[in-house]
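Pasted below: data_10.txt, compact mmCIF, C-alpha atoms.
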# COMPACT_ATOMS: atom_id res chain seq x y z
CA MET A 23 -11.94 -18.26 66.86
CA LYS A 24 -9.87 -21.42 66.58
CA LEU A 25 -10.31 -23.57 63.47
CA SER A 26 -9.54 -27.29 63.21
CA VAL A 27 -10.35 -30.05 60.71
CA LEU A 28 -12.22 -33.35 60.87
CA ASP A 29 -11.37 -35.49 57.85
CA GLN A 30 -13.35 -38.61 56.93
CA SER A 31 -11.12 -39.21 53.88
CA PRO A 32 -14.13 -39.40 51.54
CA ILE A 33 -13.66 -41.03 48.15
CA SER A 34 -15.15 -39.09 45.25
CA LYS A 35 -16.70 -41.18 42.48
CA GLY A 36 -14.14 -41.91 39.80
CA GLN A 37 -11.31 -41.89 42.32
CA THR A 38 -9.69 -44.57 44.46
CA ALA A 39 -9.00 -45.05 48.16
CA GLU A 40 -5.36 -44.33 47.38
CA ASP A 41 -6.39 -40.97 45.91
CA ALA A 42 -8.45 -40.12 49.00
CA LEU A 43 -5.63 -40.96 51.41
CA GLN A 44 -3.17 -38.83 49.44
CA HIS A 45 -5.72 -36.01 49.47
CA SER A 46 -5.92 -36.30 53.27
CA ILE A 47 -2.15 -35.87 53.57
CA GLU A 48 -2.25 -32.88 51.22
CA LEU A 49 -5.21 -31.35 53.03
CA ALA A 50 -3.46 -31.67 56.40
CA GLN A 51 -0.40 -29.90 55.05
CA TRP A 52 -2.66 -27.23 53.56
CA ALA A 53 -4.52 -26.80 56.86
CA GLU A 54 -1.25 -26.41 58.74
CA SER A 55 -0.07 -23.73 56.32
CA LEU A 56 -3.36 -21.87 56.88
CA GLY A 57 -2.99 -21.92 60.66
CA TYR A 58 -5.54 -24.59 61.57
CA HIS A 59 -5.05 -25.84 65.13
CA ARG A 60 -5.64 -29.60 64.90
CA TYR A 61 -6.41 -32.23 62.27
CA TRP A 62 -8.43 -35.30 63.20
CA VAL A 63 -9.04 -38.38 61.07
CA ALA A 64 -12.13 -40.52 61.45
CA GLU A 65 -12.53 -44.31 61.65
CA HIS A 66 -15.01 -46.19 59.46
CA HIS A 67 -15.41 -49.84 58.54
CA ASN A 68 -17.03 -51.86 55.75
CA THR A 69 -17.82 -48.80 53.65
CA ASN A 70 -16.80 -48.12 50.05
CA GLY A 71 -16.63 -44.34 50.29
CA LEU A 72 -14.61 -43.52 53.43
CA ALA A 73 -11.01 -44.59 53.20
CA VAL A 74 -9.65 -44.70 56.76
CA SER A 75 -10.26 -47.84 58.79
CA SER A 76 -7.10 -47.29 60.85
CA PRO A 77 -6.76 -43.69 62.09
CA GLU A 78 -3.57 -44.56 63.98
CA ILE A 79 -1.72 -45.24 60.73
CA MET A 80 -3.01 -42.06 59.11
CA ILE A 81 -2.04 -40.00 62.16
CA THR A 82 1.52 -41.34 61.90
CA ARG A 83 1.74 -40.63 58.18
CA ILE A 84 0.30 -37.12 58.43
CA ALA A 85 2.34 -36.22 61.51
CA SER A 86 5.52 -37.19 59.67
CA GLN A 87 4.54 -34.88 56.79
CA THR A 88 3.72 -31.87 59.01
CA SER A 89 5.52 -30.07 61.83
CA ARG A 90 3.14 -28.07 64.02
CA ILE A 91 -0.52 -28.98 63.67
CA ARG A 92 -1.95 -31.32 66.32
CA LEU A 93 -2.99 -34.73 64.97
CA GLY A 94 -5.63 -37.02 66.36
CA SER A 95 -8.50 -39.43 65.96
CA GLY A 96 -12.07 -38.41 65.55
CA GLY A 97 -12.40 -40.99 66.85
CA VAL A 98 -11.10 -44.42 67.78
CA LEU A 99 -14.16 -46.65 68.26
CA LEU A 100 -13.22 -47.86 71.73
CA PRO A 101 -16.03 -50.43 72.28
CA GLN A 102 -14.41 -52.65 69.66
CA TYR A 103 -10.96 -52.61 71.23
CA SER A 104 -8.88 -53.16 74.35
CA PRO A 105 -8.14 -50.01 76.41
CA LEU A 106 -4.59 -51.31 76.95
CA LYS A 107 -3.94 -51.69 73.22
CA VAL A 108 -5.34 -48.22 72.45
CA ALA A 109 -3.24 -46.73 75.27
CA GLU A 110 -0.08 -48.41 73.95
CA THR A 111 -0.75 -47.31 70.38
CA PHE A 112 -1.21 -43.68 71.37
CA LYS A 113 1.77 -43.75 73.73
CA VAL A 114 3.91 -44.75 70.75
CA LEU A 115 2.40 -41.85 68.78
CA GLU A 116 3.07 -39.47 71.66
CA ALA A 117 6.67 -40.68 71.89
CA LEU A 118 7.15 -40.13 68.17
CA PHE A 119 5.40 -36.73 68.06
CA PRO A 120 5.42 -35.35 71.63
CA GLY A 121 2.85 -32.68 72.42
CA ARG A 122 1.00 -33.08 69.11
CA ILE A 123 -1.31 -36.06 69.64
CA ASP A 124 -5.03 -36.11 70.48
CA LEU A 125 -6.93 -39.28 71.33
CA GLY A 126 -10.56 -38.81 70.35
CA LEU A 127 -12.85 -41.66 71.41
CA GLY A 128 -16.17 -42.68 69.90
CA ARG A 129 -18.85 -45.00 71.24
CA SER A 130 -20.19 -45.93 67.81
CA PRO A 131 -20.41 -49.66 66.99
CA GLY A 132 -18.52 -48.96 63.77
CA GLY A 133 -21.07 -50.49 61.44
CA GLY A 134 -23.75 -53.17 61.42
CA GLN A 135 -23.84 -56.11 63.79
CA ARG A 136 -21.89 -58.37 61.45
CA THR A 137 -19.14 -55.77 61.01
CA ARG A 138 -18.92 -55.20 64.74
CA ALA A 139 -18.74 -58.94 65.42
CA ALA A 140 -15.85 -59.20 62.96
CA LEU A 141 -14.06 -56.29 64.67
CA THR A 142 -14.38 -57.88 68.11
CA ASP A 143 -13.62 -61.39 66.79
CA GLY A 144 -17.05 -62.52 67.92
CA VAL A 145 -16.65 -61.35 71.52
CA ASN A 146 -19.81 -59.71 72.85
CA LYS A 147 -18.61 -56.32 74.10
CA PRO A 148 -21.59 -54.21 75.24
CA LEU A 149 -21.63 -50.53 74.33
CA SER A 150 -22.66 -49.89 77.94
CA SER A 151 -19.05 -50.63 78.94
CA PHE A 152 -17.79 -47.51 77.17
CA SER A 153 -17.40 -45.30 80.24
CA ARG A 154 -15.56 -48.05 82.11
CA GLN A 155 -13.25 -48.50 79.13
CA VAL A 156 -12.49 -44.76 79.04
CA LYS A 157 -11.53 -44.88 82.71
CA GLU A 158 -9.28 -47.90 82.23
CA LEU A 159 -7.66 -46.25 79.22
CA GLN A 160 -6.84 -43.23 81.40
CA TRP A 161 -5.38 -45.49 84.08
CA PHE A 162 -3.15 -47.20 81.52
CA LEU A 163 -1.99 -43.88 80.06
CA ASN A 164 -1.23 -42.41 83.49
CA GLY A 165 0.06 -45.57 85.19
CA THR A 166 -2.57 -45.29 87.94
CA ILE A 167 -4.40 -48.63 87.89
CA PRO A 168 -5.81 -49.28 91.41
CA LYS A 169 -4.26 -52.14 93.36
CA THR A 170 -7.70 -53.75 93.62
CA HIS A 171 -8.13 -53.91 89.83
CA ASP A 172 -7.72 -57.19 87.94
CA TYR A 173 -5.14 -55.54 85.66
CA TYR A 174 -2.97 -54.13 88.44
CA GLY A 175 0.67 -54.66 87.51
CA VAL A 176 0.04 -54.32 83.77
CA SER A 177 1.68 -51.21 82.33
CA ALA A 178 1.12 -49.50 79.00
CA ARG A 179 4.45 -49.05 77.29
CA PRO A 180 6.47 -47.20 76.24
CA HIS A 181 6.72 -44.83 79.18
CA THR A 182 6.31 -41.24 77.97
CA THR A 183 6.82 -37.96 79.78
CA THR A 184 3.59 -36.61 78.26
CA ASN A 185 0.29 -38.19 77.25
CA PRO A 186 -2.10 -37.45 74.41
CA ASP A 187 -5.09 -35.26 75.22
CA ILE A 188 -8.28 -37.32 75.50
CA TRP A 189 -11.60 -36.27 73.98
CA VAL A 190 -14.94 -38.08 73.96
CA LEU A 191 -17.10 -37.53 70.89
CA GLY A 192 -20.85 -37.32 71.47
CA LEU A 193 -24.23 -36.25 70.14
CA SER A 194 -26.37 -36.20 73.26
CA GLU A 195 -26.47 -35.92 77.03
CA ARG A 196 -25.34 -39.54 77.29
CA GLY A 197 -22.14 -38.86 75.38
CA ALA A 198 -21.62 -35.68 77.40
CA ARG A 199 -21.88 -37.64 80.66
CA HIS A 200 -19.23 -40.11 79.51
CA ALA A 201 -16.86 -37.19 78.93
CA ALA A 202 -17.84 -35.38 82.12
CA ILE A 203 -17.51 -38.19 84.65
CA ASN A 204 -14.14 -39.23 83.21
CA GLY A 205 -12.77 -35.69 83.01
CA THR A 206 -12.04 -35.64 79.27
CA GLY A 207 -12.61 -32.99 76.62
CA PHE A 208 -15.97 -33.17 74.83
CA THR A 209 -16.48 -32.87 71.09
CA PHE A 210 -20.08 -32.23 70.07
CA GLY A 211 -21.10 -33.59 66.67
CA HIS A 212 -23.17 -30.72 65.29
CA PHE A 213 -22.51 -32.17 61.81
CA ILE A 214 -24.51 -35.27 62.75
CA ASN A 215 -27.29 -34.04 65.04
CA PRO A 216 -27.39 -30.44 66.29
CA ALA A 217 -30.78 -30.84 67.99
CA HIS A 218 -29.51 -31.68 71.50
CA ALA A 219 -26.46 -29.41 71.60
CA VAL A 220 -27.45 -27.10 74.45
CA GLU A 221 -28.65 -29.96 76.67
CA ALA A 222 -25.52 -32.03 75.99
CA LEU A 223 -23.09 -29.20 76.64
CA THR A 224 -24.94 -28.15 79.80
CA GLU A 225 -24.80 -31.73 81.03
CA TYR A 226 -21.07 -31.92 80.33
CA ARG A 227 -20.20 -28.73 82.13
CA GLU A 228 -22.44 -29.39 85.13
CA LYS A 229 -21.27 -33.00 85.62
CA PHE A 230 -17.58 -32.48 84.81
CA LYS A 231 -15.12 -34.06 87.25
CA PRO A 232 -11.46 -33.00 87.02
CA SER A 233 -9.00 -35.71 86.01
CA GLU A 234 -5.24 -36.04 85.88
CA GLY A 235 -5.31 -35.00 82.24
CA LEU A 236 -7.85 -32.17 82.43
CA GLN A 237 -8.77 -29.89 85.30
CA HIS A 238 -11.55 -27.85 83.63
CA PRO A 239 -14.22 -28.56 81.00
CA LYS A 240 -13.00 -28.27 77.41
CA VAL A 241 -15.39 -28.21 74.45
CA ASN A 242 -15.20 -28.07 70.69
CA ALA A 243 -17.83 -28.74 68.03
CA CYS A 244 -17.72 -30.27 64.57
CA VAL A 245 -19.69 -28.60 61.75
CA PHE A 246 -20.17 -29.24 58.02
CA VAL A 247 -18.98 -26.16 56.12
CA VAL A 248 -18.93 -25.32 52.41
CA CYS A 249 -17.37 -21.91 51.77
CA ALA A 250 -16.98 -20.12 48.45
CA GLU A 251 -16.58 -16.58 47.17
CA THR A 252 -20.26 -16.28 46.25
CA MET A 253 -23.46 -17.81 47.61
CA LYS A 254 -24.22 -19.24 44.18
CA GLU A 255 -20.92 -21.08 44.02
CA ALA A 256 -21.21 -22.34 47.60
CA GLU A 257 -24.71 -23.67 46.95
CA GLU A 258 -23.54 -25.47 43.82
CA LEU A 259 -20.53 -27.04 45.56
CA ALA A 260 -22.79 -28.18 48.41
CA LEU A 261 -24.98 -30.18 46.03
CA SER A 262 -22.51 -33.08 46.12
CA GLN A 263 -22.54 -33.06 49.93
CA ASP A 264 -26.35 -32.94 49.98
CA MET A 265 -26.60 -36.00 47.74
CA TRP A 266 -23.82 -37.79 49.60
CA LEU A 267 -25.66 -37.41 52.91
CA LEU A 268 -28.85 -38.80 51.36
CA GLN A 269 -26.99 -41.82 50.06
CA VAL A 270 -25.18 -42.45 53.34
CA GLU A 271 -28.42 -42.32 55.31
CA LYS A 272 -30.05 -44.80 52.93
CA GLY A 273 -27.07 -47.13 53.27
CA LEU A 274 -26.72 -47.22 49.50
CA GLU A 275 -23.46 -45.46 48.71
CA THR A 276 -20.78 -43.56 50.61
CA ARG A 277 -18.71 -42.23 47.70
CA VAL A 278 -19.19 -38.53 46.96
CA PRO A 279 -21.12 -37.87 43.72
CA SER A 280 -20.23 -35.21 41.17
CA ILE A 281 -22.28 -32.05 40.81
CA GLU A 282 -23.30 -33.22 37.33
CA GLU A 283 -24.69 -36.46 38.74
CA VAL A 284 -26.69 -34.54 41.32
CA LYS A 285 -28.11 -32.17 38.71
CA ASN A 286 -29.22 -35.15 36.61
CA HIS A 287 -31.00 -36.75 39.56
CA THR A 288 -34.75 -36.30 39.97
CA PHE A 289 -35.38 -35.75 43.67
CA THR A 290 -38.55 -36.90 45.36
CA ALA A 291 -40.44 -34.58 47.68
CA ARG A 292 -39.21 -36.67 50.61
CA GLU A 293 -35.60 -36.35 49.49
CA LEU A 294 -35.90 -32.59 49.13
CA GLU A 295 -37.40 -32.39 52.61
CA LYS A 296 -34.50 -34.45 53.97
CA ILE A 297 -31.96 -32.19 52.26
CA THR A 298 -33.59 -29.17 53.90
CA ARG A 299 -33.34 -30.84 57.32
CA ASN A 300 -29.74 -31.88 56.70
CA ARG A 301 -28.81 -28.29 55.92
CA GLN A 302 -29.30 -27.60 59.65
CA ARG A 303 -26.13 -29.64 60.15
CA ALA A 304 -24.13 -27.42 57.82
CA ILE A 305 -23.09 -23.84 57.14
CA ILE A 306 -22.98 -23.01 53.44
CA GLY A 307 -22.06 -19.64 52.00
CA THR A 308 -19.52 -16.87 51.64
CA PRO A 309 -16.74 -16.40 54.20
CA GLU A 310 -18.76 -13.63 55.84
CA LYS A 311 -21.86 -15.81 56.19
CA VAL A 312 -19.92 -18.80 57.49
CA TYR A 313 -18.09 -16.61 59.99
CA GLN A 314 -21.31 -15.06 61.29
CA GLU A 315 -22.93 -18.49 61.70
CA LEU A 316 -19.88 -19.78 63.55
CA LEU A 317 -20.03 -16.74 65.83
CA ARG A 318 -23.63 -17.65 66.64
CA LEU A 319 -22.64 -21.22 67.46
CA LYS A 320 -19.70 -19.94 69.47
CA ASN A 321 -22.13 -18.02 71.66
CA ASP A 322 -24.63 -20.90 71.89
CA TYR A 323 -22.03 -23.57 72.59
CA GLN A 324 -19.62 -21.42 74.61
CA THR A 325 -16.61 -22.67 72.69
CA ASP A 326 -14.08 -20.92 70.49
CA GLU A 327 -12.99 -24.03 68.54
CA PHE A 328 -14.72 -25.65 65.59
CA LEU A 329 -13.71 -28.75 63.68
CA ILE A 330 -14.62 -28.08 60.06
CA ILE A 331 -15.68 -30.98 57.81
CA THR A 332 -16.20 -30.44 54.08
CA ASN A 333 -17.30 -33.48 52.08
CA ILE A 334 -17.66 -32.19 48.54
CA PHE A 335 -16.71 -33.78 45.22
CA ASP A 336 -13.98 -31.41 44.01
CA PHE A 337 -10.80 -31.60 46.10
CA ASN A 338 -9.42 -28.26 44.93
CA ALA A 339 -12.71 -26.58 45.80
CA LYS A 340 -12.49 -28.23 49.21
CA LYS A 341 -9.02 -26.78 49.78
CA ARG A 342 -10.28 -23.40 48.65
CA SER A 343 -13.19 -23.62 51.09
CA TYR A 344 -10.82 -24.14 54.02
CA GLN A 345 -8.57 -21.32 52.77
CA LEU A 346 -11.34 -18.75 52.33
CA LEU A 347 -12.63 -19.33 55.84
CA ALA A 348 -9.20 -19.26 57.50
CA ASP A 349 -8.11 -16.14 55.62
CA TYR A 350 -11.33 -14.30 56.40
CA ILE A 351 -11.23 -15.08 60.11
CA ALA A 352 -7.55 -14.17 60.34
CA GLU A 353 -8.30 -10.81 58.74
CA ARG A 354 -11.37 -10.14 60.90
CA GLU A 355 -9.67 -11.05 64.17
CA LYS A 356 -6.35 -9.27 63.70
What is this file in structure tokens?
Amino acid sequence: MKLSVLDQSPISKGQTAEDALQHSIELAQWAESLGYHRYWVAEHHNTNGLAVSSPEIMITRIASQTSRIRLGSGGVLLPQYSPLKVAETFKVLEALFPGRIDLGLGRSPGGGQRTRAALTDGVNKPLSSFSRQVKELQWFLNGTIPKTHDYYGVSARPHTTTNPDIWVLGLSERGARHAAINGTGFTFGHFINPAHAVEALTEYREKFKPSEGLQHPKVNACVFVVCAETMKEAEELALSQDMWLLQVEKGLETRVPSIEEVKNHTFTARELEKITRNRQRAIIGTPEKVYQELLRLKNDYQTDEFLIITNIFDFNAKKRSYQLLADYIAEREK
């Protein structure tokens, strides 16, 4: 089983964005030392609790502080940007860190309508153009723009001998089709909505068309995980993630609360029901339990790679969660 990391650079209450970004650098170094395969940073806008609005800058910083682990975006919100500019940015990254860069692409609008309008400078860029943008991005990366295209003669620079691997992030059959018809890897967001996993992954594999960058379907999945030495400890650590998800979904707060704050909160019946549903997006428990649940998903999803996301209050406990899982799997799969 191959383990990777998705990092949203969450800000715990009482800490700053600067703290969260430094924690991301430290966590990436920690993940590399534990043998994790890749480390992706997310992109969020107009939110007080998630620190990275520019994954490209974080990739550069983290790559310069590590030596082996693959670095990438999870993902660049392509509908807000120019495929040429994204291609050029990631070609520079590939030139600086050859063979280590992943370009994960998301279709999300990146926030509310006002935020998206500010990102696009008021230009109306329909989300329905996403697949076309992915194709153009591939053309720019590979230098294969058709002669009949309006942008023929425009080249993405610098020229590099290798290109970053491209992944499309998705939650449904629609996202899977975008990845399939463009011949990219597909990352399924189990941590957001696991309900349509089998349908999405079937769609991806059945509709996949080989591309210059990828000849065969390639899948990984992202899962919330909280791992501790005992079930009791894991459940307690997960309280901050439970509350954080409730707050994010209400649009009230995106900073991660402390366990003490959660324990002092009086939950409504509706909130408790929502927490129970959200637990379907996560695996919480001892290393053995987490491993067994990942094995089940490995069989269901037919993938051996999982991006692990752990959004809990205590950073040291987060590092320990990643360590316990990596050490256990390494021991089991010797």
Nearest residue to Ile84 in chain A out of A:Gln44, A:Gln237, A:Gln102, A:Asn70, using all atoms listed in the file? A:Gln44
With all atoms listed in the file as the atoms that count, which of A:Ala304, A:Val108, A:Ile81, A:Leu274 lies nearest to Arg122 in chain A? A:Ile81
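Among the candidates A:Leu294, A:Ile281, A:Leu149, A:Val245, the one nearest to Leu329 in chain A when counting only C-alpha atoms is A:Val245.
Coordinates place CA of Gly132 in chain A at a distance of 17.6 Å from CA of Met80 in chain A.
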Tell me, as an mmCIF file with C-alpha atoms, keeping the file's coordinate frame, which residues lie within 6 Å of range 253-266 of chain A, counting only C-alpha atoms; anything in the same chain fewer than 6 positions away does not count.
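Generated file (part14.cif):
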data_model
loop_
_atom_site.group_PDB
_atom_site.id
_atom_site.type_symbol
_atom_site.label_atom_id
_atom_site.label_comp_id
_atom_site.auth_asym_id
_atom_site.auth_seq_id
_atom_site.Cartn_x
_atom_site.Cartn_y
_atom_site.Cartn_z
ATOM 1 C CA VAL A 278 -19.190 -38.530 46.960
ATOM 2 C CA PRO A 279 -21.120 -37.870 43.720
ATOM 3 C CA SER A 280 -20.230 -35.210 41.170
ATOM 4 C CA ILE A 281 -22.280 -32.050 40.810
ATOM 5 C CA GLY A 307 -22.060 -19.640 52.000
ATOM 6 C CA THR A 308 -19.520 -16.870 51.640
ATOM 7 C CA ASN A 333 -17.300 -33.480 52.080
ATOM 8 C CA ILE A 334 -17.660 -32.190 48.540
ATOM 9 C CA PHE A 335 -16.710 -33.780 45.220
#
Which residue of A:Ile91, A:Leu347, A:Ala64, A:Ile305 approaches Leu28 in chain A most closely, using all atoms listed in the file: A:Ala64
What's the separation between CA of Glu234 in chain A and CA of Gly192 in chain A, in Å to one decimal place? 21.3 Å
Pick from A:Gly205, A:Pro186, A:Gly133, A:Gly175: nearest to Ser95 in chain A, with only C-alpha atoms counted? A:Pro186
From the options A:Ile306, A:Ala42, A:Ile214, A:Ala222, which residue's atoms come nearest to Ala198 in chain A, counting only C-alpha atoms? A:Ala222
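The gap separating CA of Arg92 in chain A from CA of Ser177 in chain A is 25.8 Å, in Å to one decimal.
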